[in-house]
Amino acid sequence: MEIYVVQPGDTIYTIAQKYGVSTAKLIRDNEMPDPYMLVPGENIIILFPDKTYYVKEGDTLEEIAASNNITVGELLRNNPFISDMEYIYPGEELAISYNRTGRVSTHGYTNTFIDRKTLRKTLPYLSYLTIFNYRTAQNGEVISNYDDTDIIRIAKEYGVLPFMLMTTLTVQGEVDLELTYDVLISEDIQNRLFDNVLKIVREKGYSGVNISAQFITAANQELFNRYTQNLSERLKQEGYLSVITINPKLDMSNNDITFETINYTEIGSEVDATLFLQYKWGFNFGPPSPVSSINATSIFLDYVLTQIPSEKIFVGIPTIGYDWELPYVPGFSRASALTLDSVIVLARNVGANIEFDEISQTPYYYYEDPNDKTQHKVWFINAVTINTLIELTLEKDITGTGIWNIMQYFTQLWMVINSQYEILKYLPEF
């Protein structure tokens with residue numbers, strides 16, 4: 001795999017010629033909506049399969065997979081464009097395998113209303129799937145937002161372990177702090193809550209529970225420790241897994257990196273996995289700053305690795321961009337969220353050149369709104385960010401990454417991971 005950074009004057013033809021591949025393959029692999037108007041600074045991934053196969057008349061996916069000693073799931077991982085096709089055609093070149101150098105577990109997060117085509121296209125790349133659908137209510141009751149029956153069934157078809165997310169967050173991402181502390185403090189409420197959770201897990205066929213601890217602090221960590229221990233023990237008694245999602249609250253203001261020094265040792269010993277990531281919503285009230293930071297992540301991981309075994313840690317990748325209007329006004333300004341594909345479309349439409357911050361390993365650009373002449377700054381992540389983050393985690397013997405969220409399919413994320421690393425599956429896939 002190669003990641004090429006588009007330079008001024010580049011065309012899709014010159015890039016294809018440089019790497020000795022066809023333009024059609026570059027366009028298809030990167031799912032480029034407008035490949036003939038490239039943005040300087042944009043990433044293009046060039047894939048080099050270890051083995052390929054040309055479709056013959058009458059071939060089926062099952063026959064191709066069997067004849068090459070792989071699963072249909074592996075065939076879909078290596079050729080995601082198949083998911084968008086009703087038929088495969090003779091002469092179509094398919095990637096059968098890549099020369100991979102490592103292994104990684106992937107944990108995706110989604111709402112139940114995810115488009116099912118997007119879900120099926122993403123599931124081949126996932127080891128685990130956490131479904132955002134349940135909210136803790138008063139007195140230990142559990143509120144369900146939507147029917148999650150089919151998403152659980154589909155996940156298992158693709159060899160993905162489904163997890164029920166337990167949170168006091170609303171669908172809009174707002175936390176009920178009073179309710180949170182009521183649950184953390186009262187053992188009676190917890191017992192009723194755990195009874196209700198286990199009933200849902202059994203009936204729906206979940207593999208375990210993901211505990212949301214986005215607001216854990218040094219002041220309340222003992223309450224979270226007891227809560228996590230109690231729930232984990234109940235789950236283990238019935239053969240279910242427990243994971244916890246923690247917001248590390250990394251502050252990267254003024255190039256200084258700070259985070260609350262919480263002791264995660266006890267929580268890490270109770271659960272099967274600890275995922276460090278932030279839920280990124282459709283708005284951001286903070287000052288313009290990198291969506292992610294490799295430097296900050298590395299420093300934080302060095303801290304938590306003294307408390308939690310590396311094999312229990314997952315590191316989050318936020319699949320989002322933010323558009324800030326300048327100048328930033330604290331308490332008033334709010335950034336709007338963008339998908340990673342729309343970030344590139346916006347840059348193309350406004351004629352921006354994408355720049356790159358070496359410290360955080362994230363891209364950004366400035367532009368002027370043509371309607372009201374306001375100045376804007378956009379921060380996001382790209383293939384280089386993803387590749388650097390995955391390399392960092394594996395260097396530290398961490399084999400897990402968490403994706404918030406998978407509601408929008410971003411092809412380069414999976415290209416980077418799948419072409420270099422074996423994605424672990426804990427259930428049989430078709």
# chains A, B, ... in the order shown; residues from 1 in each chain; ligands from 1
$ residues_around --residues "region 211-213 of chain A" --least-positions-apart "3" --cutoff "9 Å" --atoms "only C-alpha atoms" --output "list in words"
Met164, Leu165, Met166, Thr167, Thr168, Leu169, Ile216, Phe224, Thr228, Leu231, Ser242, Val243, Ile244, Thr245, Ile246 and Asn247 of chain A
$ write_last_selection --atoms "C-alpha atoms" --output "PDB file, in the first residue's frame"
ATOM      1  CA  MET A 164     -25.257  -3.535  23.788  1.00  0.00           C
ATOM      2  CA  LEU A 165     -24.178  -0.004  24.770  1.00  0.00           C
ATOM      3  CA  MET A 166     -25.281   1.102  28.245  1.00  0.00           C
ATOM      4  CA  THR A 167     -25.373   4.853  28.720  1.00  0.00           C
ATOM      5  CA  THR A 168     -27.297   7.737  30.254  1.00  0.00           C
ATOM      6  CA  LEU A 169     -26.745   9.717  27.040  1.00  0.00           C
ATOM      7  CA  ILE A 216     -15.401   9.513  34.536  1.00  0.00           C
ATOM      8  CA  PHE A 224     -17.376   3.752  38.379  1.00  0.00           C
ATOM      9  CA  THR A 228     -18.088  -1.752  36.471  1.00  0.00           C
ATOM     10  CA  LEU A 231     -21.854  -5.453  36.097  1.00  0.00           C
ATOM     11  CA  SER A 242     -17.859  -6.661  29.157  1.00  0.00           C
ATOM     12  CA  VAL A 243     -16.059  -3.671  27.686  1.00  0.00           C
ATOM     13  CA  ILE A 244     -15.934  -0.046  28.777  1.00  0.00           C
ATOM     14  CA  THR A 245     -15.695   3.095  26.651  1.00  0.00           C
ATOM     15  CA  ILE A 246     -13.786   5.932  28.327  1.00  0.00           C
ATOM     16  CA  ASN A 247     -13.314   9.499  27.170  1.00  0.00           C
TER      17      ASN A 247
END
$ closest_residue --among "A:Asn133, A:Asn111, A:Asn191, A:Ser105" --to "Ile406 (chain A)" --atoms "only C-alpha atoms"
A:Asn111
$ residues_around --residues "Ile257 (chain A)" --least-positions-apart "2" --cutoff "12 Å" --atoms "only C-alpha atoms" --output "PDB file with C-alpha atoms, in the first residue's frame"
ATOM      1  CA  PRO A 248      -9.645  10.323  27.906  1.00  0.00           C
ATOM      2  CA  LYS A 249     -10.429  14.072  27.742  1.00  0.00           C
ATOM      3  CA  LEU A 250      -7.210  14.968  25.960  1.00  0.00           C
ATOM      4  CA  ASP A 251      -6.695  18.747  25.924  1.00  0.00           C
ATOM      5  CA  MET A 252      -4.406  19.938  23.134  1.00  0.00           C
ATOM      6  CA  SER A 253      -4.777  23.691  23.597  1.00  0.00           C
ATOM      7  CA  ASN A 254      -1.753  25.831  22.688  1.00  0.00           C
ATOM      8  CA  ASN A 255       0.243  22.711  21.729  1.00  0.00           C
ATOM      9  CA  PHE A 259      -5.415  14.856  30.581  1.00  0.00           C
ATOM     10  CA  GLU A 260      -6.914  13.926  33.909  1.00  0.00           C
ATOM     11  CA  SER A 293      -3.523  13.929  17.668  1.00  0.00           C
ATOM     12  CA  ILE A 294      -0.911  11.219  17.291  1.00  0.00           C
ATOM     13  CA  ASN A 295       1.394  13.043  19.686  1.00  0.00           C
ATOM     14  CA  ALA A 296      -1.283  13.354  22.375  1.00  0.00           C
ATOM     15  CA  THR A 297      -2.405   9.754  21.857  1.00  0.00           C
ATOM     16  CA  SER A 298       1.146   8.458  22.241  1.00  0.00           C
ATOM     17  CA  ILE A 299       1.687  10.321  25.504  1.00  0.00           C
ATOM     18  CA  PHE A 300      -1.664   9.169  26.881  1.00  0.00           C
ATOM     19  CA  ILE A 359       2.709  17.202  15.251  1.00  0.00           C
ATOM     20  CA  SER A 360      -0.855  15.874  15.318  1.00  0.00           C
TER      21      SER A 360
END
$ select_by_dssp --residues "region 372-402 of chain A" --states "helix (DSSP H, G or I)" --output "list in words"
Ala383, Val384, Thr385, Ile386, Asn387, Thr388, Leu389, Ile390, Glu391, Leu392, Thr393, Leu394 and Glu395 of chain A
$ write_last_selection --atoms "C-alpha atoms" --output "CSV table (one decimal), in the first residue's frame"
chain,number,residue,atom,x,y,z
A,383,ALA,CA,-5.3,8.1,5.3
A,384,VAL,CA,-2.0,9.3,6.7
A,385,THR,CA,-3.6,10.0,10.1
A,386,ILE,CA,-5.2,6.6,10.2
A,387,ASN,CA,-2.0,4.8,9.1
A,388,THR,CA,0.1,6.6,11.6
A,389,LEU,CA,-2.3,5.9,14.4
A,390,ILE,CA,-2.5,2.2,13.6
A,391,GLU,CA,1.3,1.9,13.4
A,392,LEU,CA,1.6,3.7,16.8
A,393,THR,CA,-0.8,1.3,18.5
A,394,LEU,CA,0.9,-1.8,17.1
A,395,GLU,CA,4.3,-0.5,18.1
$ closest_atom_pairs --of "region 101-168 of chain A" --to "region 268-291 of chain A" --cutoff "12 Å" --atoms "only C-alpha atoms" --output "JSON lines"
{"residue": "A:Ser105", "atom": "CA", "partner": "A:Ala273", "partner_atom": "CA", "distance": 11.0}
{"residue": "A:Thr106", "atom": "CA", "partner": "A:Leu275", "partner_atom": "CA", "distance": 10.7}
{"residue": "A:His107", "atom": "CA", "partner": "A:Leu275", "partner_atom": "CA", "distance": 8.7}
{"residue": "A:Gly108", "atom": "CA", "partner": "A:Leu275", "partner_atom": "CA", "distance": 10.8}
{"residue": "A:Tyr109", "atom": "CA", "partner": "A:Tyr279", "partner_atom": "CA", "distance": 9.5}
{"residue": "A:Thr110", "atom": "CA", "partner": "A:Tyr279", "partner_atom": "CA", "distance": 11.0}
{"residue": "A:Tyr128", "atom": "CA", "partner": "A:Ala273", "partner_atom": "CA", "distance": 11.2}
{"residue": "A:Thr130", "atom": "CA", "partner": "A:Leu275", "partner_atom": "CA", "distance": 11.3}
{"residue": "A:Phe132", "atom": "CA", "partner": "A:Tyr279", "partner_atom": "CA", "distance": 11.1}
{"residue": "A:Thr167", "atom": "CA", "partner": "A:Tyr279", "partner_atom": "CA", "distance": 11.9}
$ select_by_dssp --residues "region 274-327 of chain A" --states "strand (DSSP E)" --output "ChimeraX atom specification"
/A:274-276,283-284,313-318,321-326
$ write_last_selection --atoms "N, CA and C atoms" --output "mmCIF file, in the first residue's frame"
data_model
loop_
_atom_site.group_PDB
_atom_site.id
_atom_site.type_symbol
_atom_site.label_atom_id
_atom_site.label_comp_id
_atom_site.auth_asym_id
_atom_site.auth_seq_id
_atom_site.Cartn_x
_atom_site.Cartn_y
_atom_site.Cartn_z
ATOM 1 N N THR A 274 -10.905 -2.235 27.198
ATOM 2 C CA THR A 274 -11.110 -0.825 27.503
ATOM 3 C C THR A 274 -10.891 -0.017 26.235
ATOM 4 N N LEU A 275 -11.924 0.725 25.831
ATOM 5 C CA LEU A 275 -11.828 1.528 24.621
ATOM 6 C C LEU A 275 -11.716 2.996 24.995
ATOM 7 N N PHE A 276 -10.635 3.623 24.556
ATOM 8 C CA PHE A 276 -10.439 5.040 24.811
ATOM 9 C C PHE A 276 -10.799 5.816 23.555
ATOM 10 N N PHE A 283 -21.633 18.692 16.390
ATOM 11 C CA PHE A 283 -21.225 20.049 16.746
ATOM 12 C C PHE A 283 -20.015 19.974 17.667
ATOM 13 N N ASN A 284 -19.289 21.069 17.776
ATOM 14 C CA ASN A 284 -18.108 21.141 18.627
ATOM 15 C C ASN A 284 -17.976 22.577 19.121
ATOM 16 N N ILE A 313 -6.535 -2.987 25.471
ATOM 17 C CA ILE A 313 -6.745 -1.582 25.114
ATOM 18 C C ILE A 313 -7.148 -1.440 23.646
ATOM 19 N N PHE A 314 -8.153 -0.615 23.396
ATOM 20 C CA PHE A 314 -8.542 -0.198 22.053
ATOM 21 C C PHE A 314 -8.387 1.315 21.974
ATOM 22 N N VAL A 315 -7.871 1.804 20.849
ATOM 23 C CA VAL A 315 -7.647 3.235 20.669
ATOM 24 C C VAL A 315 -8.601 3.762 19.613
ATOM 25 N N GLY A 316 -9.284 4.855 19.920
ATOM 26 C CA GLY A 316 -10.327 5.366 19.046
ATOM 27 C C GLY A 316 -9.828 6.131 17.840
ATOM 28 N N ILE A 317 -10.571 5.985 16.738
ATOM 29 C CA ILE A 317 -10.368 6.775 15.520
ATOM 30 C C ILE A 317 -11.668 7.513 15.229
ATOM 31 N N PRO A 318 -11.667 8.856 15.272
ATOM 32 C CA PRO A 318 -12.906 9.603 14.982
ATOM 33 C C PRO A 318 -13.054 9.843 13.484
ATOM 34 N N GLY A 321 -14.976 15.364 10.490
ATOM 35 C CA GLY A 321 -14.273 16.629 10.351
ATOM 36 C C GLY A 321 -15.111 17.733 10.963
ATOM 37 N N TYR A 322 -14.475 18.865 11.308
ATOM 38 C CA TYR A 322 -15.199 20.006 11.869
ATOM 39 C C TYR A 322 -14.831 21.290 11.133
ATOM 40 N N ASP A 323 -15.857 22.087 10.885
ATOM 41 C CA ASP A 323 -15.713 23.349 10.157
ATOM 42 C C ASP A 323 -15.999 24.498 11.119
ATOM 43 N N TRP A 324 -14.953 25.282 11.453
ATOM 44 C CA TRP A 324 -15.092 26.421 12.361
ATOM 45 C C TRP A 324 -15.158 27.734 11.581
ATOM 46 N N GLU A 325 -16.075 28.599 11.977
ATOM 47 C CA GLU A 325 -16.063 29.955 11.461
ATOM 48 C C GLU A 325 -15.108 30.784 12.318
ATOM 49 N N LEU A 326 -14.284 31.594 11.665
ATOM 50 C CA LEU A 326 -13.306 32.433 12.357
ATOM 51 C C LEU A 326 -13.753 33.894 12.375
#
$ residues_around --residues "Lys156 (chain A)" --least-positions-apart "6" --cutoff "8 Å" --atoms "only C-alpha atoms" --output "PyMOL selection string"
chain A and resi 162+427+429
$ write_last_selection --atoms "C-alpha atoms" --output "PDB file, in the first residue's frame"
ATOM      1  CA  PRO A 162     -22.612  -7.427  18.777  1.00  0.00           C
ATOM      2  CA  LEU A 427     -17.272 -15.718  15.086  1.00  0.00           C
ATOM      3  CA  GLU A 429     -18.105 -15.563   8.811  1.00  0.00           C
TER       4      GLU A 429
END
$ residues_around --residues "Thr217 (chain A)" --least-positions-apart "2" --cutoff "9 Å" --atoms "only C-alpha atoms" --output "VMD selection string"
chain A and resid 215 219 to 221 260 to 262
$ atom_distance --atom1 "CA of Glu311 (chain A)" --atom2 "CA of Ile398 (chain A)"
5.7 Å
$ atom_distance --atom1 "CA of Glu368 (chain A)" --atom2 "CA of Phe410 (chain A)"
26.1 Å
$ residues_around --residues "region 68-78 of chain A" --least-positions-apart "5" --cutoff "7 Å" --atoms "only C-alpha atoms" --output "list in words"
Leu61, Glu62, Ala95, Ile96, Pro124, Tyr125, Tyr158, Glu429 and Phe430 of chain A
$ residues_around --residues "region 27-33 of chain A" --least-positions-apart "4" --cutoff "8 Å" --atoms "only C-alpha atoms" --output "list of chain:residue names"
A:Thr23, A:Ile44, A:Ile45, A:Ile46, A:Leu47, A:Phe81, A:Thr411, A:Gln412
